[in-house]
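Here's model_18.cif, which has mmCIF, C-alpha atoms:
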```
data_my_file
loop_
_atom_site.group_PDB
_atom_site.id
_atom_site.type_symbol
_atom_site.label_atom_id
_atom_site.label_comp_id
_atom_site.auth_asym_id
_atom_site.auth_seq_id
_atom_site.Cartn_x
_atom_site.Cartn_y
_atom_site.Cartn_z
ATOM 1 C CA PRO A 19 49.161 -74.755 -15.754
ATOM 2 C CA GLN A 20 49.986 -75.728 -19.331
ATOM 3 C CA ARG A 21 46.308 -76.231 -20.184
ATOM 4 C CA ALA A 22 45.484 -72.772 -18.831
ATOM 5 C CA LEU A 23 48.231 -71.236 -20.969
ATOM 6 C CA GLU A 24 47.049 -73.162 -24.022
ATOM 7 C CA ALA A 25 43.486 -71.924 -23.458
ATOM 8 C CA ALA A 26 44.748 -68.331 -23.195
ATOM 9 C CA ALA A 27 46.786 -68.850 -26.364
ATOM 10 C CA GLU A 28 43.669 -69.957 -28.228
ATOM 11 C CA VAL A 29 41.752 -66.867 -27.061
ATOM 12 C CA ALA A 30 44.640 -64.710 -28.302
ATOM 13 C CA ARG A 31 44.661 -66.444 -31.692
ATOM 14 C CA GLN A 32 40.921 -65.869 -32.056
ATOM 15 C CA ALA A 33 41.545 -62.161 -31.355
ATOM 16 C CA GLY A 34 44.250 -62.007 -34.040
ATOM 17 C CA VAL A 35 47.128 -61.822 -31.560
ATOM 18 C CA THR A 36 50.026 -64.269 -31.846
ATOM 19 C CA PRO A 37 50.666 -66.113 -28.564
ATOM 20 C CA LEU A 38 54.056 -67.252 -27.347
ATOM 21 C CA ILE A 39 54.005 -69.612 -24.371
ATOM 22 C CA LEU A 40 57.263 -69.102 -22.502
ATOM 23 C CA GLY A 41 56.686 -71.852 -19.946
ATOM 24 C CA ASP A 42 54.347 -73.113 -17.256
ATOM 25 C CA SER A 43 56.927 -73.477 -14.498
ATOM 26 C CA ILE A 44 58.830 -70.189 -14.448
ATOM 27 C CA GLU A 45 60.220 -69.597 -10.966
ATOM 28 C CA GLY A 46 62.596 -67.210 -9.214
ATOM 29 C CA GLU A 47 62.288 -63.845 -7.512
ATOM 30 C CA ALA A 48 59.177 -62.093 -8.821
ATOM 31 C CA ARG A 49 61.049 -58.821 -9.315
ATOM 32 C CA ASP A 50 63.753 -60.586 -11.356
ATOM 33 C CA VAL A 51 61.200 -62.378 -13.525
ATOM 34 C CA GLY A 52 59.557 -58.981 -14.101
ATOM 35 C CA LYS A 53 62.828 -57.536 -15.377
ATOM 36 C CA VAL A 54 63.412 -60.493 -17.690
ATOM 37 C CA MET A 55 59.883 -60.299 -19.102
ATOM 38 C CA ALA A 56 60.374 -56.561 -19.699
ATOM 39 C CA GLY A 57 63.507 -57.360 -21.678
ATOM 40 C CA ILE A 58 61.655 -59.885 -23.832
ATOM 41 C CA ALA A 59 58.735 -57.483 -24.399
ATOM 42 C CA LEU A 60 61.120 -54.690 -25.413
ATOM 43 C CA GLN A 61 62.926 -57.054 -27.804
ATOM 44 C CA VAL A 62 59.589 -57.813 -29.461
ATOM 45 C CA ARG A 63 58.635 -54.128 -29.638
ATOM 46 C CA ASN A 64 62.002 -52.869 -30.850
ATOM 47 C CA HIS A 65 63.230 -55.740 -33.028
ATOM 48 C CA ARG A 66 60.253 -58.030 -33.744
ATOM 49 C CA GLN A 67 62.062 -60.927 -32.022
ATOM 50 C CA PRO A 68 61.436 -63.671 -31.059
ATOM 51 C CA ILE A 69 58.047 -62.945 -32.704
ATOM 52 C CA PRO A 70 56.488 -59.814 -34.174
ATOM 53 C CA ALA A 71 53.770 -57.759 -32.507
ATOM 54 C CA PRO A 72 50.919 -57.916 -31.953
ATOM 55 C CA CYS A 73 51.627 -60.783 -29.614
ATOM 56 C CA VAL A 74 51.074 -61.973 -26.096
ATOM 57 C CA LEU A 75 53.839 -63.506 -23.989
ATOM 58 C CA LEU A 76 52.241 -66.106 -21.729
ATOM 59 C CA SER A 77 53.802 -67.736 -18.696
ATOM 60 C CA GLY A 78 52.933 -69.545 -15.523
ATOM 61 C CA GLY A 79 54.584 -70.990 -12.477
ATOM 62 C CA GLU A 80 55.080 -69.620 -9.006
ATOM 63 C CA THR A 81 57.683 -66.985 -8.326
ATOM 64 C CA THR A 82 58.820 -65.986 -4.845
ATOM 65 C CA VAL A 83 59.241 -62.743 -2.954
ATOM 66 C CA THR A 84 62.003 -62.098 -0.466
ATOM 67 C CA VAL A 85 60.253 -59.748 1.938
ATOM 68 C CA ARG A 86 62.363 -56.674 2.625
ATOM 69 C CA GLY A 87 59.671 -54.154 3.503
ATOM 70 C CA SER A 88 56.438 -53.933 5.414
ATOM 71 C CA GLY A 89 54.032 -53.369 2.521
ATOM 72 C CA ARG A 90 51.125 -55.467 1.302
ATOM 73 C CA GLY A 91 51.977 -57.531 -1.682
ATOM 74 C CA GLY A 92 52.089 -60.900 -3.298
ATOM 75 C CA ARG A 93 54.281 -62.355 -5.974
ATOM 76 C CA ASN A 94 52.068 -61.323 -8.905
ATOM 77 C CA VAL A 95 51.851 -57.654 -7.961
ATOM 78 C CA GLU A 96 55.579 -57.642 -7.203
ATOM 79 C CA PHE A 97 56.212 -59.090 -10.674
ATOM 80 C CA LEU A 98 53.996 -56.447 -12.295
ATOM 81 C CA LEU A 99 55.480 -53.547 -10.356
ATOM 82 C CA SER A 100 58.989 -54.656 -11.326
ATOM 83 C CA LEU A 101 57.842 -55.114 -14.940
ATOM 84 C CA ALA A 102 56.351 -51.611 -15.019
ATOM 85 C CA VAL A 103 59.503 -50.055 -13.561
ATOM 86 C CA ALA A 104 61.695 -51.887 -16.092
ATOM 87 C CA LEU A 105 59.467 -50.896 -19.024
ATOM 88 C CA GLN A 106 59.483 -47.212 -18.005
ATOM 89 C CA GLY A 107 56.213 -46.536 -19.837
ATOM 90 C CA ALA A 108 57.233 -48.144 -23.122
ATOM 91 C CA PRO A 109 54.331 -47.612 -25.521
ATOM 92 C CA GLY A 110 52.180 -50.515 -26.616
ATOM 93 C CA ILE A 111 53.007 -52.896 -23.754
ATOM 94 C CA HIS A 112 50.310 -54.000 -21.315
ATOM 95 C CA ALA A 113 50.272 -56.854 -18.803
ATOM 96 C CA VAL A 114 48.154 -58.786 -16.366
ATOM 97 C CA ALA A 115 49.265 -61.241 -13.715
ATOM 98 C CA GLY A 116 47.285 -63.063 -11.101
ATOM 99 C CA ASP A 117 46.976 -66.114 -8.960
ATOM 100 C CA THR A 118 44.412 -68.468 -10.428
ATOM 101 C CA ASP A 119 42.833 -69.109 -7.012
ATOM 102 C CA GLY A 120 42.036 -65.393 -6.641
ATOM 103 C CA VAL A 121 44.453 -64.789 -3.744
ATOM 104 C CA ASP A 122 47.873 -63.203 -4.349
ATOM 105 C CA GLY A 123 49.841 -63.393 -1.136
ATOM 106 C CA LEU A 124 47.558 -62.934 1.852
ATOM 107 C CA GLU A 125 45.084 -60.622 0.114
ATOM 108 C CA GLU A 126 41.870 -61.580 -1.655
ATOM 109 C CA ILE A 127 43.181 -59.718 -4.661
ATOM 110 C CA ALA A 128 44.193 -61.996 -7.526
ATOM 111 C CA GLY A 129 46.724 -59.611 -9.079
ATOM 112 C CA ALA A 130 46.719 -56.455 -11.178
ATOM 113 C CA LEU A 131 47.078 -54.827 -14.580
ATOM 114 C CA ILE A 132 49.710 -52.493 -16.007
ATOM 115 C CA ALA A 133 49.636 -50.180 -19.007
ATOM 116 C CA PRO A 134 52.093 -47.741 -20.572
ATOM 117 C CA ASP A 135 50.702 -44.969 -18.332
ATOM 118 C CA THR A 136 50.981 -46.890 -15.035
ATOM 119 C CA LEU A 137 54.102 -45.116 -13.773
ATOM 120 C CA ALA A 138 52.890 -41.669 -14.896
ATOM 121 C CA ARG A 139 49.593 -42.140 -13.051
ATOM 122 C CA ALA A 140 51.469 -43.220 -9.922
ATOM 123 C CA TRP A 141 53.803 -40.216 -10.042
ATOM 124 C CA ALA A 142 50.780 -37.909 -10.554
ATOM 125 C CA GLN A 143 49.389 -39.220 -7.247
ATOM 126 C CA GLY A 144 52.719 -38.766 -5.479
ATOM 127 C CA ILE A 145 53.391 -42.505 -5.410
ATOM 128 C CA LYS A 146 56.980 -43.505 -6.048
ATOM 129 C CA PRO A 147 57.032 -46.872 -7.838
ATOM 130 C CA MET A 148 60.527 -47.854 -6.669
ATOM 131 C CA ASP A 149 59.620 -47.030 -3.060
ATOM 132 C CA ALA A 150 56.562 -49.285 -3.359
ATOM 133 C CA LEU A 151 58.702 -52.053 -4.857
ATOM 134 C CA ASP A 152 61.365 -51.679 -2.157
ATOM 135 C CA ASP A 153 58.619 -51.887 0.510
ATOM 136 C CA ASN A 154 57.008 -54.944 -1.145
ATOM 137 C CA ASP A 155 53.802 -52.902 -1.425
ATOM 138 C CA GLY A 156 52.410 -54.015 -4.775
ATOM 139 C CA HIS A 157 48.855 -54.290 -3.477
ATOM 140 C CA GLY A 158 48.950 -50.773 -2.043
ATOM 141 C CA PHE A 159 50.429 -49.451 -5.290
ATOM 142 C CA PHE A 160 47.856 -51.018 -7.616
ATOM 143 C CA GLU A 161 44.901 -50.327 -5.320
ATOM 144 C CA ALA A 162 45.772 -46.633 -5.294
ATOM 145 C CA LEU A 163 45.705 -46.656 -9.109
ATOM 146 C CA GLY A 164 42.493 -48.674 -9.324
ATOM 147 C CA ASP A 165 44.348 -51.402 -11.215
ATOM 148 C CA SER A 166 43.912 -54.338 -8.838
ATOM 149 C CA LEU A 167 42.390 -57.499 -10.268
ATOM 150 C CA VAL A 168 39.748 -58.871 -7.904
ATOM 151 C CA THR A 169 38.081 -62.096 -9.001
ATOM 152 C CA GLY A 170 36.933 -63.460 -5.683
ATOM 153 C CA PRO A 171 37.853 -67.015 -4.730
ATOM 154 C CA THR A 172 37.932 -69.239 -7.812
ATOM 155 C CA LEU A 173 38.369 -72.485 -5.842
ATOM 156 C CA THR A 174 40.878 -73.548 -8.515
ATOM 157 C CA ASN A 175 44.639 -73.167 -8.250
ATOM 158 C CA VAL A 176 46.722 -73.955 -11.320
ATOM 159 C CA ASN A 177 49.630 -71.635 -10.489
ATOM 160 C CA ASP A 178 50.101 -68.014 -11.399
ATOM 161 C CA PHE A 179 49.146 -66.660 -14.795
ATOM 162 C CA ARG A 180 51.052 -63.892 -16.574
ATOM 163 C CA ALA A 181 50.289 -62.280 -19.919
ATOM 164 C CA VAL A 182 52.319 -59.456 -21.461
ATOM 165 C CA VAL A 183 50.704 -57.977 -24.555
ATOM 166 C CA VAL A 184 52.884 -56.162 -27.064
ATOM 167 C CA LEU A 185 50.985 -54.154 -29.660
#
```
Would you mind writing the file's structure down as structure tokens?
Amino acid sequence: PQRALEAAAEVARQAGVTPLILGDSIEGEARDVGKVMAGIALQVRNHRQPIPAPCVLLSGGETTVTVRGSGRGGRNVEFLLSLAVALQGAPGIHAVAGDTDGVDGLEEIAGALIAPDTLARAWAQGIKPMDALDDNDGHGFFEALGDSLVTGPTLTNVNDFRAVVVL
């Protein structure tokens, strides 16, 4: 996991974006990790701490999901949906999260992407983000928006990968 984060950090540097590796073994409830990452991203955007934008916050590890609903979702899409809800469309913040083996949960969908307009696009389609989160339906949410990340099986599993870009 650390090598994957270091490789992503080097790609960011080459693109002129400062990377900050937060850790390769971040665990806990995916929705809680999403809220924490939103707080860090907003701190960067609003106060230039702990580093100034443009930057990318990189992390890995395997979060968990306590299933409460009947939706389709894995830990990466749950993380992203929680992150999007916590960010409330904050400008200049984008994210990607996925399982490095190409399968998030039981679906052959690696993860998804979020952008500042994610919630607005969902509401425009009549999709309620909090309802999707409460139903553990991250895959349904991101598929409806066309924001699922499908890599196919990679045959390599080095934990989950998360990148939050703050511009």
Region 115-129 of chain A environment, 8 Å, all atoms listed in the file, sequence neighbours closer than 5 positions dropped, as a PyMOL selection string:
chain A and resi 91-95+97-98+157+166-181
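In this structure, CA of Gln106 (chain A) sits 7.8 Å away from CA of Pro134 (chain A).
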Which is closest to Trp141 (chain A) among A:Val103, A:Ile111, A:Val182, A:Ala25, if we use only C-alpha atoms?
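Residue with the minimum atom-to-atom distance to Trp141 (chain A): A:Val103.
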Give the answer as one residue: which of A:Val83, A:Leu40, A:Leu137, A:Ala48 has the shortest atom-to-atom distance to Ile69 (chain A), using all atoms listed in the file?
A:Leu40
How many Å separate CA of Glu96 (chain A) from CA of Gly156 (chain A)?
5.4 Å
Find the residues around region 74-80 of chain A up to 8 Å (all atoms listed in the file counted), leave out those fewer than 2 positions away in its own chain, and share them as a VMD selection string.
chain A and resid 19 to 20 23 26 to 27 30 35 to 46 59 72 82 93 177 to 184
Selected residues written out, C-alpha atoms, as a CSV table (one decimal), in the coordinates of the input:
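Listed below is the output, result_38.csv:
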```csv
chain,number,residue,atom,x,y,z
A,19,PRO,CA,49.2,-74.8,-15.8
A,20,GLN,CA,50.0,-75.7,-19.3
A,23,LEU,CA,48.2,-71.2,-21.0
A,26,ALA,CA,44.7,-68.3,-23.2
A,27,ALA,CA,46.8,-68.8,-26.4
A,30,ALA,CA,44.6,-64.7,-28.3
A,35,VAL,CA,47.1,-61.8,-31.6
A,36,THR,CA,50.0,-64.3,-31.8
A,37,PRO,CA,50.7,-66.1,-28.6
A,38,LEU,CA,54.1,-67.3,-27.3
A,39,ILE,CA,54.0,-69.6,-24.4
A,40,LEU,CA,57.3,-69.1,-22.5
A,41,GLY,CA,56.7,-71.9,-19.9
A,42,ASP,CA,54.3,-73.1,-17.3
A,43,SER,CA,56.9,-73.5,-14.5
A,44,ILE,CA,58.8,-70.2,-14.4
A,45,GLU,CA,60.2,-69.6,-11.0
A,46,GLY,CA,62.6,-67.2,-9.2
A,59,ALA,CA,58.7,-57.5,-24.4
A,72,PRO,CA,50.9,-57.9,-32.0
A,82,THR,CA,58.8,-66.0,-4.8
A,93,ARG,CA,54.3,-62.4,-6.0
A,177,ASN,CA,49.6,-71.6,-10.5
A,178,ASP,CA,50.1,-68.0,-11.4
A,179,PHE,CA,49.1,-66.7,-14.8
A,180,ARG,CA,51.1,-63.9,-16.6
A,181,ALA,CA,50.3,-62.3,-19.9
A,182,VAL,CA,52.3,-59.5,-21.5
A,183,VAL,CA,50.7,-58.0,-24.6
A,184,VAL,CA,52.9,-56.2,-27.1
```
Please measure the separation of CA of Phe159 (chain A) and CA of Thr136 (chain A), giving the value in Å to one decimal.
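For CA of Phe159 (chain A) relative to CA of Thr136 (chain A), the distance reads 10.1 Å.
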On this structure, which residues satisfy the PyMOL selection byres ((chain A and resi 60-62) around 10), written as a PDB file with C-alpha atoms, in the coordinates of the input?
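So the final result, stored in result.pdb, reads:
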```pdb
ATOM      1  CA  VAL A  54      63.412 -60.493 -17.690  1.00  0.00           C
ATOM      2  CA  MET A  55      59.883 -60.299 -19.102  1.00  0.00           C
ATOM      3  CA  ALA A  56      60.374 -56.561 -19.699  1.00  0.00           C
ATOM      4  CA  GLY A  57      63.507 -57.360 -21.678  1.00  0.00           C
ATOM      5  CA  ILE A  58      61.655 -59.885 -23.832  1.00  0.00           C
ATOM      6  CA  ALA A  59      58.735 -57.483 -24.399  1.00  0.00           C
ATOM      7  CA  ARG A  63      58.635 -54.128 -29.638  1.00  0.00           C
ATOM      8  CA  ASN A  64      62.002 -52.869 -30.850  1.00  0.00           C
ATOM      9  CA  HIS A  65      63.230 -55.740 -33.028  1.00  0.00           C
ATOM     10  CA  ARG A  66      60.253 -58.030 -33.744  1.00  0.00           C
ATOM     11  CA  GLN A  67      62.062 -60.927 -32.022  1.00  0.00           C
ATOM     12  CA  PRO A  68      61.436 -63.671 -31.059  1.00  0.00           C
ATOM     13  CA  ILE A  69      58.047 -62.945 -32.704  1.00  0.00           C
ATOM     14  CA  PRO A  70      56.488 -59.814 -34.174  1.00  0.00           C
ATOM     15  CA  ALA A  71      53.770 -57.759 -32.507  1.00  0.00           C
ATOM     16  CA  PRO A  72      50.919 -57.916 -31.953  1.00  0.00           C
ATOM     17  CA  CYS A  73      51.627 -60.783 -29.614  1.00  0.00           C
ATOM     18  CA  LEU A  75      53.839 -63.506 -23.989  1.00  0.00           C
ATOM     19  CA  ALA A 104      61.695 -51.887 -16.092  1.00  0.00           C
ATOM     20  CA  LEU A 105      59.467 -50.896 -19.024  1.00  0.00           C
ATOM     21  CA  ALA A 108      57.233 -48.144 -23.122  1.00  0.00           C
ATOM     22  CA  PRO A 109      54.331 -47.612 -25.521  1.00  0.00           C
ATOM     23  CA  GLY A 110      52.180 -50.515 -26.616  1.00  0.00           C
ATOM     24  CA  ILE A 111      53.007 -52.896 -23.754  1.00  0.00           C
ATOM     25  CA  VAL A 184      52.884 -56.162 -27.064  1.00  0.00           C
ATOM     26  CA  LEU A 185      50.985 -54.154 -29.660  1.00  0.00           C
TER      27      LEU A 185
END
```
Can you pull out every residue within 12 Å of Asp149 (chain A), counting only C-alpha atoms, but drop anything in the same chain fewer than 2 positions away, and send it as a ChimeraX atom specification?
/A:86-89,99-100,103,140-141,144-147,151-156,158-159
Starting from the sparse input, extend region 105-121 of chain A to N, CA, C and O atoms and give the output as an mmCIF file, in the coordinates of the input.
```
data_model
loop_
_atom_site.group_PDB
_atom_site.id
_atom_site.type_symbol
_atom_site.label_atom_id
_atom_site.label_comp_id
_atom_site.auth_asym_id
_atom_site.auth_seq_id
_atom_site.Cartn_x
_atom_site.Cartn_y
_atom_site.Cartn_z
ATOM 1 N N LEU A 105 59.962 -51.366 -17.727
ATOM 2 C CA LEU A 105 59.467 -50.896 -19.024
ATOM 3 C C LEU A 105 59.487 -49.372 -19.140
ATOM 4 O O LEU A 105 59.520 -48.837 -20.255
ATOM 5 N N GLN A 106 59.427 -48.680 -18.011
ATOM 6 C CA GLN A 106 59.483 -47.212 -18.005
ATOM 7 C C GLN A 106 58.477 -46.579 -18.970
ATOM 8 O O GLN A 106 58.794 -45.622 -19.681
ATOM 9 N N GLY A 107 57.250 -47.128 -19.009
ATOM 10 C CA GLY A 107 56.213 -46.536 -19.837
ATOM 11 C C GLY A 107 56.342 -46.797 -21.320
ATOM 12 O O GLY A 107 55.759 -46.073 -22.136
ATOM 13 N N ALA A 108 57.081 -47.822 -21.705
ATOM 14 C CA ALA A 108 57.233 -48.144 -23.122
ATOM 15 C C ALA A 108 55.856 -48.266 -23.769
ATOM 16 O O ALA A 108 54.979 -48.956 -23.247
ATOM 17 N N PRO A 109 55.655 -47.578 -24.885
ATOM 18 C CA PRO A 109 54.331 -47.612 -25.521
ATOM 19 C C PRO A 109 53.977 -48.993 -26.061
ATOM 20 O O PRO A 109 54.842 -49.756 -26.476
ATOM 21 N N GLY A 110 52.681 -49.294 -26.009
ATOM 22 C CA GLY A 110 52.180 -50.515 -26.616
ATOM 23 C C GLY A 110 52.382 -51.782 -25.826
ATOM 24 O O GLY A 110 52.157 -52.864 -26.354
ATOM 25 N N ILE A 111 52.803 -51.687 -24.559
ATOM 26 C CA ILE A 111 53.007 -52.896 -23.754
ATOM 27 C C ILE A 111 52.085 -52.841 -22.537
ATOM 28 O O ILE A 111 52.128 -51.890 -21.761
ATOM 29 N N HIS A 112 51.271 -53.865 -22.413
ATOM 30 C CA HIS A 112 50.310 -54.000 -21.315
ATOM 31 C C HIS A 112 50.518 -55.375 -20.694
ATOM 32 O O HIS A 112 51.004 -56.286 -21.363
ATOM 33 N N ALA A 113 50.107 -55.538 -19.436
ATOM 34 C CA ALA A 113 50.272 -56.854 -18.803
ATOM 35 C C ALA A 113 49.228 -57.070 -17.723
ATOM 36 O O ALA A 113 48.696 -56.121 -17.138
ATOM 37 N N VAL A 114 48.988 -58.339 -17.469
ATOM 38 C CA VAL A 114 48.154 -58.786 -16.366
ATOM 39 C C VAL A 114 48.853 -59.972 -15.725
ATOM 40 O O VAL A 114 49.514 -60.764 -16.414
ATOM 41 N N ALA A 115 48.744 -60.073 -14.424
ATOM 42 C CA ALA A 115 49.265 -61.241 -13.715
ATOM 43 C C ALA A 115 48.357 -61.482 -12.526
ATOM 44 O O ALA A 115 47.868 -60.534 -11.897
ATOM 45 N N GLY A 116 48.133 -62.748 -12.238
ATOM 46 C CA GLY A 116 47.285 -63.063 -11.101
ATOM 47 C C GLY A 116 47.429 -64.509 -10.685
ATOM 48 O O GLY A 116 47.912 -65.350 -11.441
ATOM 49 N N ASP A 117 46.999 -64.758 -9.473
ATOM 50 C CA ASP A 117 46.976 -66.114 -8.960
ATOM 51 C C ASP A 117 45.632 -66.713 -9.331
ATOM 52 O O ASP A 117 44.589 -66.096 -9.100
ATOM 53 N N THR A 118 45.644 -67.883 -9.909
ATOM 54 C CA THR A 118 44.412 -68.468 -10.428
ATOM 55 C C THR A 118 43.392 -68.807 -9.341
ATOM 56 O O THR A 118 42.224 -68.994 -9.648
ATOM 57 N N ASP A 119 43.822 -68.855 -8.068
ATOM 58 C CA ASP A 119 42.833 -69.109 -7.012
ATOM 59 C C ASP A 119 42.191 -67.826 -6.494
ATOM 60 O O ASP A 119 41.314 -67.858 -5.647
ATOM 61 N N GLY A 120 42.626 -66.670 -7.033
ATOM 62 C CA GLY A 120 42.036 -65.393 -6.641
ATOM 63 C C GLY A 120 42.706 -64.735 -5.456
ATOM 64 O O GLY A 120 42.260 -63.677 -5.004
ATOM 65 N N VAL A 121 43.780 -65.335 -4.926
ATOM 66 C CA VAL A 121 44.453 -64.789 -3.744
ATOM 67 C C VAL A 121 45.952 -64.681 -4.033
ATOM 68 O O VAL A 121 46.638 -65.689 -4.161
#
```
